[in-house]
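A.B. asks: The structure file work_2.txt (compact mmCIF, C-alpha atoms) is provided below.
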# COMPACT_ATOMS: atom_id res chain seq x y z
CA MET Z 1 0.00 0.00 0.00
CA LYS Z 2 1.33 3.44 -0.92
CA ILE Z 3 0.43 6.39 1.31
CA LEU Z 4 1.03 10.11 0.85
CA ILE Z 5 1.42 12.14 4.03
CA VAL Z 6 1.09 15.91 3.71
CA SER Z 7 2.09 18.50 6.29
CA ALA Z 8 2.69 22.23 6.10
CA THR Z 9 5.83 22.07 8.26
CA GLU Z 10 8.28 19.41 9.28
CA LYS Z 11 7.95 20.47 12.93
CA GLU Z 12 4.33 19.33 13.05
CA ILE Z 13 5.26 15.77 12.07
CA SER Z 14 8.81 15.51 13.39
CA PRO Z 15 8.02 12.65 15.83
CA LEU Z 16 6.33 10.72 13.00
CA LEU Z 17 9.35 11.14 10.73
CA THR Z 18 11.63 9.95 13.54
CA ALA Z 19 9.44 6.90 14.10
CA ILE Z 20 9.24 5.77 10.48
CA GLY Z 21 12.64 7.01 9.28
CA ILE Z 22 13.55 8.83 6.07
CA LYS Z 23 15.14 6.69 3.37
CA ASN Z 24 15.64 9.35 0.72
CA TYR Z 25 14.88 12.94 -0.27
CA VAL Z 26 13.43 14.03 -3.61
CA GLY Z 27 14.03 17.75 -4.04
CA ASN Z 28 13.30 20.10 -1.17
CA TYR Z 29 9.81 18.91 -0.35
CA LEU Z 30 9.41 15.15 -0.68
CA ARG Z 31 10.73 12.51 1.71
CA ILE Z 32 10.63 8.80 0.86
CA CYS Z 33 9.90 6.55 3.85
CA LYS Z 34 8.95 2.98 4.68
CA HIS Z 35 6.80 1.79 7.60
CA LYS Z 36 6.24 -1.94 7.96
CA ASN Z 37 4.37 -2.97 4.79
CA LEU Z 38 3.63 0.62 3.76
CA ASP Z 39 5.46 2.75 1.21
CA VAL Z 40 5.13 6.27 2.57
CA ASP Z 41 5.89 9.52 0.74
CA VAL Z 42 5.94 12.61 2.98
CA LEU Z 43 5.31 16.00 1.36
CA VAL Z 44 6.17 19.09 3.40
CA THR Z 45 4.52 21.93 1.50
CA GLY Z 46 5.13 25.08 3.51
CA ILE Z 47 2.41 27.26 4.96
CA GLY Z 48 -0.73 28.22 3.08
CA MET Z 49 -3.20 27.20 0.39
CA THR Z 50 -1.12 28.21 -2.61
CA ALA Z 51 1.96 26.15 -1.72
CA THR Z 52 -0.19 23.18 -0.71
CA ALA Z 53 -2.27 23.14 -3.88
CA PHE Z 54 0.71 23.68 -6.19
CA LEU Z 55 2.88 20.91 -4.76
CA LEU Z 56 -0.01 18.46 -4.50
CA GLY Z 57 -0.86 19.21 -8.12
CA LYS Z 58 2.67 18.24 -9.12
CA ILE Z 59 2.79 14.86 -7.37
CA LEU Z 60 -0.74 13.53 -6.85
CA SER Z 61 -1.62 10.59 -9.05
CA ASP Z 62 -3.34 7.24 -8.89
CA LYS Z 63 -0.13 5.67 -7.59
CA TYR Z 64 -1.32 6.63 -4.08
CA ASP Z 65 -3.88 4.46 -2.35
CA ALA Z 66 -4.61 7.19 0.21
CA ALA Z 67 -3.46 10.67 1.27
CA LEU Z 68 -3.32 11.91 4.85
CA ASN Z 69 -2.95 15.54 5.91
CA PHE Z 70 -1.53 15.97 9.42
CA GLY Z 71 -1.36 19.37 11.10
CA LEU Z 72 -2.47 21.68 13.87
CA ALA Z 73 -5.60 23.81 14.06
CA GLY Z 74 -7.28 26.53 16.08
CA SER Z 75 -10.68 25.72 17.56
CA PHE Z 76 -13.76 27.93 17.66
CA ASN Z 77 -15.36 25.49 20.10
CA LYS Z 78 -14.17 26.11 23.67
CA ASP Z 79 -15.58 22.69 24.67
CA LEU Z 80 -13.08 21.04 22.32
CA GLU Z 81 -10.05 20.78 24.58
CA ILE Z 82 -6.58 21.72 23.42
CA GLY Z 83 -4.87 18.48 22.44
CA THR Z 84 -8.02 17.00 20.84
CA VAL Z 85 -7.52 15.29 17.48
CA VAL Z 86 -10.23 15.78 14.85
CA ASN Z 87 -11.01 14.71 11.28
CA ILE Z 88 -12.06 17.70 9.16
CA THR Z 89 -14.45 16.39 6.52
CA GLN Z 90 -15.97 19.68 5.35
CA GLU Z 91 -14.06 22.86 4.49
CA HIS Z 92 -15.08 26.39 3.51
CA PHE Z 93 -12.77 28.89 1.83
CA SER Z 94 -14.14 31.54 4.11
CA GLU Z 95 -12.40 34.55 2.52
CA LEU Z 96 -13.44 33.73 -1.05
CA GLY Z 97 -15.97 36.38 -2.00
CA ALA Z 98 -16.46 40.13 -1.78
CA GLU Z 99 -17.17 42.79 0.81
CA ASP Z 100 -20.16 45.10 0.42
CA GLY Z 101 -19.75 47.51 3.30
CA GLU Z 102 -19.95 45.40 6.43
CA LYS Z 103 -21.59 42.54 4.55
CA PHE Z 104 -19.64 39.59 3.12
CA LEU Z 105 -20.88 38.08 -0.12
CA GLN Z 106 -19.99 34.55 -1.17
CA LEU Z 107 -19.26 33.71 -4.82
CA ALA Z 108 -22.80 32.58 -5.64
CA GLU Z 109 -24.20 35.80 -4.21
CA ILE Z 110 -22.19 37.90 -6.67
CA GLY Z 111 -22.82 35.64 -9.66
CA LEU Z 112 -19.37 34.09 -9.89
CA GLU Z 113 -18.60 30.45 -10.44
CA GLY Z 114 -16.06 28.70 -8.26
CA ILE Z 115 -15.63 26.27 -5.42
CA SER Z 116 -15.93 27.76 -1.96
CA GLU Z 117 -16.80 24.55 -0.10
CA VAL Z 118 -15.20 21.10 -0.18
CA VAL Z 119 -16.68 17.94 1.33
CA ASN Z 120 -14.66 14.78 1.82
CA GLU Z 121 -16.87 11.85 0.91
CA SER Z 122 -14.04 9.37 0.38
CA LYS Z 123 -13.68 6.32 2.59
CA ILE Z 124 -10.47 4.84 3.97
CA SER Z 125 -10.68 1.53 5.78
CA ASN Z 126 -8.81 2.20 9.02
CA LYS Z 127 -10.15 1.56 12.52
CA ILE Z 128 -8.23 4.48 14.07
CA LEU Z 129 -9.49 6.96 11.48
CA GLU Z 130 -13.02 5.76 12.07
CA GLU Z 131 -12.79 6.64 15.78
CA ILE Z 132 -11.72 10.28 15.27
CA PRO Z 133 -14.58 12.81 15.57
CA MET Z 134 -15.53 14.50 12.29
CA VAL Z 135 -15.86 18.30 12.24
CA CYS Z 136 -16.25 21.26 9.88
CA GLY Z 137 -13.41 23.68 9.20
CA ILE Z 138 -12.51 26.87 7.37
CA THR Z 139 -9.32 27.49 5.42
CA VAL Z 140 -7.88 30.99 5.70
CA ASN Z 141 -4.94 33.12 4.64
CA LYS Z 142 -5.27 35.23 7.77
CA VAL Z 143 -5.95 33.43 11.03
CA HIS Z 144 -8.62 35.08 13.12
CA GLY Z 145 -7.66 37.13 16.17
CA GLU Z 146 -10.26 39.90 16.46
CA ASN Z 147 -13.55 39.44 18.26
CA LYS Z 148 -15.85 40.93 15.60
CA SER Z 149 -14.28 39.03 12.70
CA ILE Z 150 -14.42 35.80 14.71
CA GLU Z 151 -18.10 36.36 15.40
CA ASN Z 152 -18.81 37.16 11.75
CA VAL Z 153 -17.05 34.14 10.29
CA PHE Z 154 -18.58 31.82 12.86
CA ASN Z 155 -22.08 33.10 12.08
CA ARG Z 156 -21.50 32.53 8.35
CA PHE Z 157 -20.00 29.05 8.42
CA HIS Z 158 -20.28 27.64 11.97
CA PRO Z 159 -16.80 26.09 11.77
CA THR Z 160 -15.29 23.98 14.50
CA VAL Z 161 -11.66 24.67 13.52
CA GLU Z 162 -9.54 26.75 11.16
CA SER Z 163 -6.32 26.05 9.29
CA MET Z 164 -4.33 27.58 6.44
CA GLU Z 165 -4.09 24.49 4.20
CA GLY Z 166 -6.96 22.06 4.82
CA GLY Z 167 -9.32 23.09 2.05
CA ALA Z 168 -6.54 23.01 -0.55
CA PHE Z 169 -5.63 19.47 0.50
CA LEU Z 170 -9.22 18.21 0.27
CA PHE Z 171 -9.83 20.02 -3.03
CA SER Z 172 -6.71 18.50 -4.60
CA CYS Z 173 -7.47 14.97 -3.41
CA ASN Z 174 -11.10 15.19 -4.51
CA HIS Z 175 -10.05 16.42 -7.94
CA GLU Z 176 -7.64 13.48 -8.37
CA LYS Z 177 -10.08 11.02 -6.76
CA ILE Z 178 -7.57 10.00 -4.08
CA PRO Z 179 -9.14 8.71 -0.81
CA CYS Z 180 -8.01 11.12 1.87
CA ALA Z 181 -8.36 12.32 5.45
CA GLN Z 182 -7.43 15.64 7.03
CA ILE Z 183 -6.38 14.99 10.62
CA ARG Z 184 -5.54 17.91 12.89
CA CYS Z 185 -4.94 18.49 16.57
CA VAL Z 186 -6.17 21.59 18.40
CA SER Z 187 -3.26 23.71 19.60
CA ASN Z 188 -5.19 26.85 20.55
CA PHE Z 189 -8.58 28.52 20.60
CA VAL Z 190 -9.60 31.05 17.96
CA GLU Z 191 -9.57 34.29 19.92
CA ARG Z 192 -7.47 37.40 20.44
CA ARG Z 193 -3.89 36.07 20.27
CA LYS Z 194 -2.90 34.67 23.67
CA LYS Z 195 0.13 32.54 22.91
CA ASP Z 196 0.70 31.82 26.59
CA LYS Z 197 -2.52 29.76 26.44
CA TRP Z 198 -1.47 27.77 23.38
CA ASN Z 199 -0.05 24.29 23.80
CA ILE Z 200 1.77 23.40 20.63
CA PRO Z 201 3.96 20.68 22.24
CA LEU Z 202 0.87 18.80 23.47
CA ALA Z 203 -0.85 19.17 20.10
CA ILE Z 204 2.19 17.86 18.24
CA GLU Z 205 2.53 14.95 20.67
CA ASN Z 206 -1.12 13.92 20.33
CA LEU Z 207 -1.17 14.46 16.57
CA ASN Z 208 1.87 12.27 15.99
CA LYS Z 209 0.72 9.52 18.32
CA THR Z 210 -2.50 9.39 16.33
CA ALA Z 211 -0.61 9.48 13.03
CA ILE Z 212 1.53 6.49 14.02
CA ASP Z 213 -1.55 4.63 15.24
CA ILE Z 214 -3.24 5.27 11.87
CA LEU Z 215 -0.28 3.90 9.93
CA ASN Z 216 -0.11 0.84 12.20
CA ALA Z 217 -3.81 0.17 11.58
CA PHE Z 218 -3.39 -0.26 7.83
Can the structure in the file be given as structure tokens, please?

C.D. replies:
Amino acid sequence: MKILIVSATEKEISPLLTAIGIKNYVGNYLRICKHKNLDVDVLVTGIGMTATAFLLGKILSDKYDAALNFGLAGSFNKDLEIGTVVNITQEHFSELGAEDGEKFLQLAEIGLEGISEVVNESKISNKILEEIPMVCGITVNKVHGENKSIENVFNRFHPTVESMEGGAFLFSCNHEKIPCAQIRCVSNFVERRKKDKWNIPLAIENLNKTAIDILNAF
């Protein structure tokens, strides 16, 4: 079985890379790995939708049986504890549209064609994946940190989490018909920036434990 793992940064999946080992590098972005009976390619894209979509467009093909996106996320839901791992199965490109005064208009509202929502309907047979709670997310270029903008985007889309790459990953996999899953761990709440309340080490630890468990379950 051949798996593609995608992450924005190497830091987010460093424990996973240590656990499975890197056999070879292809260019600056792709690492070739092996884990038990799995052939694993690891793509580190860099931050953001553009880098993620471009690099996935260059390497995605039917040679992959599944693609997994591992990363961190901010949570709009204060009941979702920091360190919780989630499976984002629906994404909105929340900034794709136009402003009309204080009102935000989505593409359909201004008569433009385009994809502003992505739903992952693919299935991967994996008992660990099946146990992870499924949530809705938004993909952004600018993470939210102002009370009014947080309220506005939540009222429009009711997201559970936000990231800077998730929608691009799901869009690319859907387009190429590759079964996929976007797995993220909550490192902070979406609020005015309070980095002293973030827990990135815990989020990375929990994310990578889950990632290794997923690979072992194939």

A.B. asks: Under the rule that only C-alpha atoms are counted, which of Z:Glu146, Z:Asp196, Z:Asp41, Z:Glu91 is the nearest residue to Leu68 (chain Z)?

C.D. replies: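 Counting only C-alpha atoms, the residue closest to Leu68 (chain Z) is Z:Asp41.
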
A.B. asks: CA of Ser122 (chain Z) to CA of Ser14 (chain Z): how many Å, to one decimal?

C.D. replies: 27.0 Å

A.B. asks: Could you jot down the CA of Leu17 (chain Z) to CA of Asn141 (chain Z) separation for me, Å, one decimal place?

C.D. replies: 26.9 Å

A.B. asks: Using all atoms listed in the file, which residues sit within 9 Å of Leu129 (chain Z) once same-chain residues fewer than 4 positions away are excluded, as a list in words?

C.D. replies: Asn87, Ile124, Ser125, Pro133, Ala181, Ile183, Thr210, Ile214 and Ala217 of chain Z

A.B. asks: At a cut-off of 12 Å, using all atoms listed in the file, what residues contact Lys197 (chain Z)? Leave out same-chain residues fewer than 6 positions from it and give the result as a PyMOL selection string.

C.D. replies: chain Z and resi 74+81-82+187-191

A.B. asks: Find, counting all atoms listed in the file, the residue in Z:Asn174, Z:Ser94, Z:Asn37, Z:Thr18 that gets nearest to Asn152 (chain Z).

C.D. replies: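 Checking each of Z:Asn174, Z:Ser94, Z:Asn37, Z:Thr18 against Asn152 (chain Z), counting all atoms listed in the file, the winner is Z:Ser94.
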
A.B. asks: CA of Gly101 (chain Z) to CA of Gly145 (chain Z): how many Å, to one decimal?

C.D. replies: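 We find that CA of Gly101 (chain Z) and CA of Gly145 (chain Z) lie 20.5 Å from each other.
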
A.B. asks: Of the candidates Z:Gly83, Z:Asn155, Z:Ala66, Z:Met134, which one gets nearest to Phe104 (chain Z) if we count only C-alpha atoms?

C.D. replies: Z:Asn155

A.B. asks: Kindly indicate which residue among Z:Asn28, Z:Leu43, Z:Leu202, Z:Glu130 lies nearest to Leu56 (chain Z), using only C-alpha atoms for the distances.

C.D. replies: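 Closest residue, counting only C-alpha atoms: Z:Leu43.
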
A.B. asks: Rebuild region 68-79 of chain Z to all heavy atoms - output it as a PDB file, in the coordinates of the input, please.

C.D. replies:
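Output file selection_29.pdb follows:
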ATOM      1  N   LEU Z  68      -3.006  11.477   3.491  1.00  0.00           N
ATOM      2  CA  LEU Z  68      -3.320  11.910   4.850  1.00  0.00           C
ATOM      3  C   LEU Z  68      -2.664  13.257   5.116  1.00  0.00           C
ATOM      4  O   LEU Z  68      -1.458  13.411   4.922  1.00  0.00           O
ATOM      5  CB  LEU Z  68      -2.821  10.890   5.869  1.00  0.00           C
ATOM      6  CG  LEU Z  68      -3.330   9.452   5.720  1.00  0.00           C
ATOM      7  CD1 LEU Z  68      -2.552   8.522   6.635  1.00  0.00           C
ATOM      8  CD2 LEU Z  68      -4.827   9.379   6.007  1.00  0.00           C
ATOM      9  N   ASN Z  69      -3.457  14.216   5.542  1.00  0.00           N
ATOM     10  CA  ASN Z  69      -2.950  15.540   5.910  1.00  0.00           C
ATOM     11  C   ASN Z  69      -2.898  15.634   7.430  1.00  0.00           C
ATOM     12  O   ASN Z  69      -3.924  15.491   8.106  1.00  0.00           O
ATOM     13  CB  ASN Z  69      -3.873  16.616   5.334  1.00  0.00           C
ATOM     14  CG  ASN Z  69      -3.426  18.028   5.648  1.00  0.00           C
ATOM     15  OD1 ASN Z  69      -4.233  18.946   5.652  1.00  0.00           O
ATOM     16  ND2 ASN Z  69      -2.149  18.239   5.895  1.00  0.00           N
ATOM     17  N   PHE Z  70      -1.699  15.829   7.975  1.00  0.00           N
ATOM     18  CA  PHE Z  70      -1.530  15.970   9.420  1.00  0.00           C
ATOM     19  C   PHE Z  70      -1.083  17.392   9.741  1.00  0.00           C
ATOM     20  O   PHE Z  70      -0.169  17.922   9.100  1.00  0.00           O
ATOM     21  CB  PHE Z  70      -0.490  14.983   9.948  1.00  0.00           C
ATOM     22  CG  PHE Z  70      -0.907  13.542   9.861  1.00  0.00           C
ATOM     23  CD1 PHE Z  70      -0.183  12.640   9.091  1.00  0.00           C
ATOM     24  CD2 PHE Z  70      -2.032  13.089  10.529  1.00  0.00           C
ATOM     25  CE1 PHE Z  70      -0.560  11.314   9.006  1.00  0.00           C
ATOM     26  CE2 PHE Z  70      -2.424  11.763  10.447  1.00  0.00           C
ATOM     27  CZ  PHE Z  70      -1.689  10.871   9.678  1.00  0.00           C
ATOM     28  N   GLY Z  71      -1.734  18.012  10.719  1.00  0.00           N
ATOM     29  CA  GLY Z  71      -1.360  19.370  11.100  1.00  0.00           C
ATOM     30  C   GLY Z  71      -2.059  19.813  12.360  1.00  0.00           C
ATOM     31  O   GLY Z  71      -2.782  19.053  13.009  1.00  0.00           O
ATOM     32  N   LEU Z  72      -1.844  21.080  12.707  1.00  0.00           N
ATOM     33  CA  LEU Z  72      -2.470  21.680  13.870  1.00  0.00           C
ATOM     34  C   LEU Z  72      -3.620  22.583  13.429  1.00  0.00           C
ATOM     35  O   LEU Z  72      -3.750  22.913  12.253  1.00  0.00           O
ATOM     36  CB  LEU Z  72      -1.445  22.498  14.671  1.00  0.00           C
ATOM     37  CG  LEU Z  72      -0.176  21.758  15.102  1.00  0.00           C
ATOM     38  CD1 LEU Z  72       0.690  22.656  15.976  1.00  0.00           C
ATOM     39  CD2 LEU Z  72      -0.492  20.459  15.809  1.00  0.00           C
ATOM     40  N   ALA Z  73      -4.455  22.969  14.378  1.00  0.00           N
ATOM     41  CA  ALA Z  73      -5.600  23.810  14.060  1.00  0.00           C
ATOM     42  C   ALA Z  73      -5.986  24.632  15.281  1.00  0.00           C
ATOM     43  O   ALA Z  73      -5.701  24.259  16.420  1.00  0.00           O
ATOM     44  CB  ALA Z  73      -6.796  22.954  13.614  1.00  0.00           C
ATOM     45  N   GLY Z  74      -6.648  25.751  15.017  1.00  0.00           N
ATOM     46  CA  GLY Z  74      -7.280  26.530  16.080  1.00  0.00           C
ATOM     47  C   GLY Z  74      -8.739  26.158  16.159  1.00  0.00           C
ATOM     48  O   GLY Z  74      -9.378  25.881  15.132  1.00  0.00           O
ATOM     49  N   SER Z  75      -9.286  26.147  17.362  1.00  0.00           N
ATOM     50  CA  SER Z  75     -10.680  25.720  17.560  1.00  0.00           C
ATOM     51  C   SER Z  75     -11.576  26.894  17.938  1.00  0.00           C
ATOM     52  O   SER Z  75     -11.234  27.700  18.808  1.00  0.00           O
ATOM     53  CB  SER Z  75     -10.750  24.654  18.659  1.00  0.00           C
ATOM     54  OG  SER Z  75     -12.097  24.322  18.930  1.00  0.00           O
ATOM     55  N   PHE Z  76     -12.732  26.968  17.286  1.00  0.00           N
ATOM     56  CA  PHE Z  76     -13.760  27.930  17.660  1.00  0.00           C
ATOM     57  C   PHE Z  76     -14.580  27.430  18.848  1.00  0.00           C
ATOM     58  O   PHE Z  76     -15.265  28.207  19.503  1.00  0.00           O
ATOM     59  CB  PHE Z  76     -14.703  28.173  16.476  1.00  0.00           C
ATOM     60  CG  PHE Z  76     -14.091  28.943  15.343  1.00  0.00           C
ATOM     61  CD1 PHE Z  76     -13.377  28.289  14.355  1.00  0.00           C
ATOM     62  CD2 PHE Z  76     -14.228  30.319  15.263  1.00  0.00           C
ATOM     63  CE1 PHE Z  76     -12.812  28.991  13.297  1.00  0.00           C
ATOM     64  CE2 PHE Z  76     -13.669  31.029  14.211  1.00  0.00           C
ATOM     65  CZ  PHE Z  76     -12.956  30.362  13.229  1.00  0.00           C
ATOM     66  N   ASN Z  77     -14.539  26.139  19.079  1.00  0.00           N
ATOM     67  CA  ASN Z  77     -15.360  25.490  20.100  1.00  0.00           C
ATOM     68  C   ASN Z  77     -14.554  25.357  21.391  1.00  0.00           C
ATOM     69  O   ASN Z  77     -13.621  24.556  21.464  1.00  0.00           O
ATOM     70  CB  ASN Z  77     -15.811  24.118  19.604  1.00  0.00           C
ATOM     71  CG  ASN Z  77     -16.750  23.418  20.567  1.00  0.00           C
ATOM     72  OD1 ASN Z  77     -16.918  23.834  21.709  1.00  0.00           O
ATOM     73  ND2 ASN Z  77     -17.351  22.325  20.121  1.00  0.00           N
ATOM     74  N   LYS Z  78     -14.918  26.129  22.417  1.00  0.00           N
ATOM     75  CA  LYS Z  78     -14.170  26.110  23.670  1.00  0.00           C
ATOM     76  C   LYS Z  78     -14.372  24.797  24.433  1.00  0.00           C
ATOM     77  O   LYS Z  78     -13.628  24.512  25.372  1.00  0.00           O
ATOM     78  CB  LYS Z  78     -14.605  27.290  24.553  1.00  0.00           C
ATOM     79  CG  LYS Z  78     -14.238  28.653  23.973  1.00  0.00           C
ATOM     80  CD  LYS Z  78     -12.752  28.864  23.917  1.00  0.00           C
ATOM     81  CE  LYS Z  78     -12.376  30.226  23.355  1.00  0.00           C
ATOM     82  NZ  LYS Z  78     -12.742  31.364  24.202  1.00  0.00           N
ATOM     83  N   ASP Z  79     -15.380  24.007  24.041  1.00  0.00           N
ATOM     84  CA  ASP Z  79     -15.580  22.690  24.670  1.00  0.00           C
ATOM     85  C   ASP Z  79     -14.664  21.631  24.072  1.00  0.00           C
ATOM     86  O   ASP Z  79     -14.562  20.526  24.608  1.00  0.00           O
ATOM     87  CB  ASP Z  79     -17.043  22.249  24.510  1.00  0.00           C
ATOM     88  CG  ASP Z  79     -18.003  23.130  25.301  1.00  0.00           C
ATOM     89  OD1 ASP Z  79     -17.600  23.644  26.361  1.00  0.00           O
ATOM     90  OD2 ASP Z  79     -19.145  23.309  24.842  1.00  0.00           O
TER      91      ASP Z  79
END
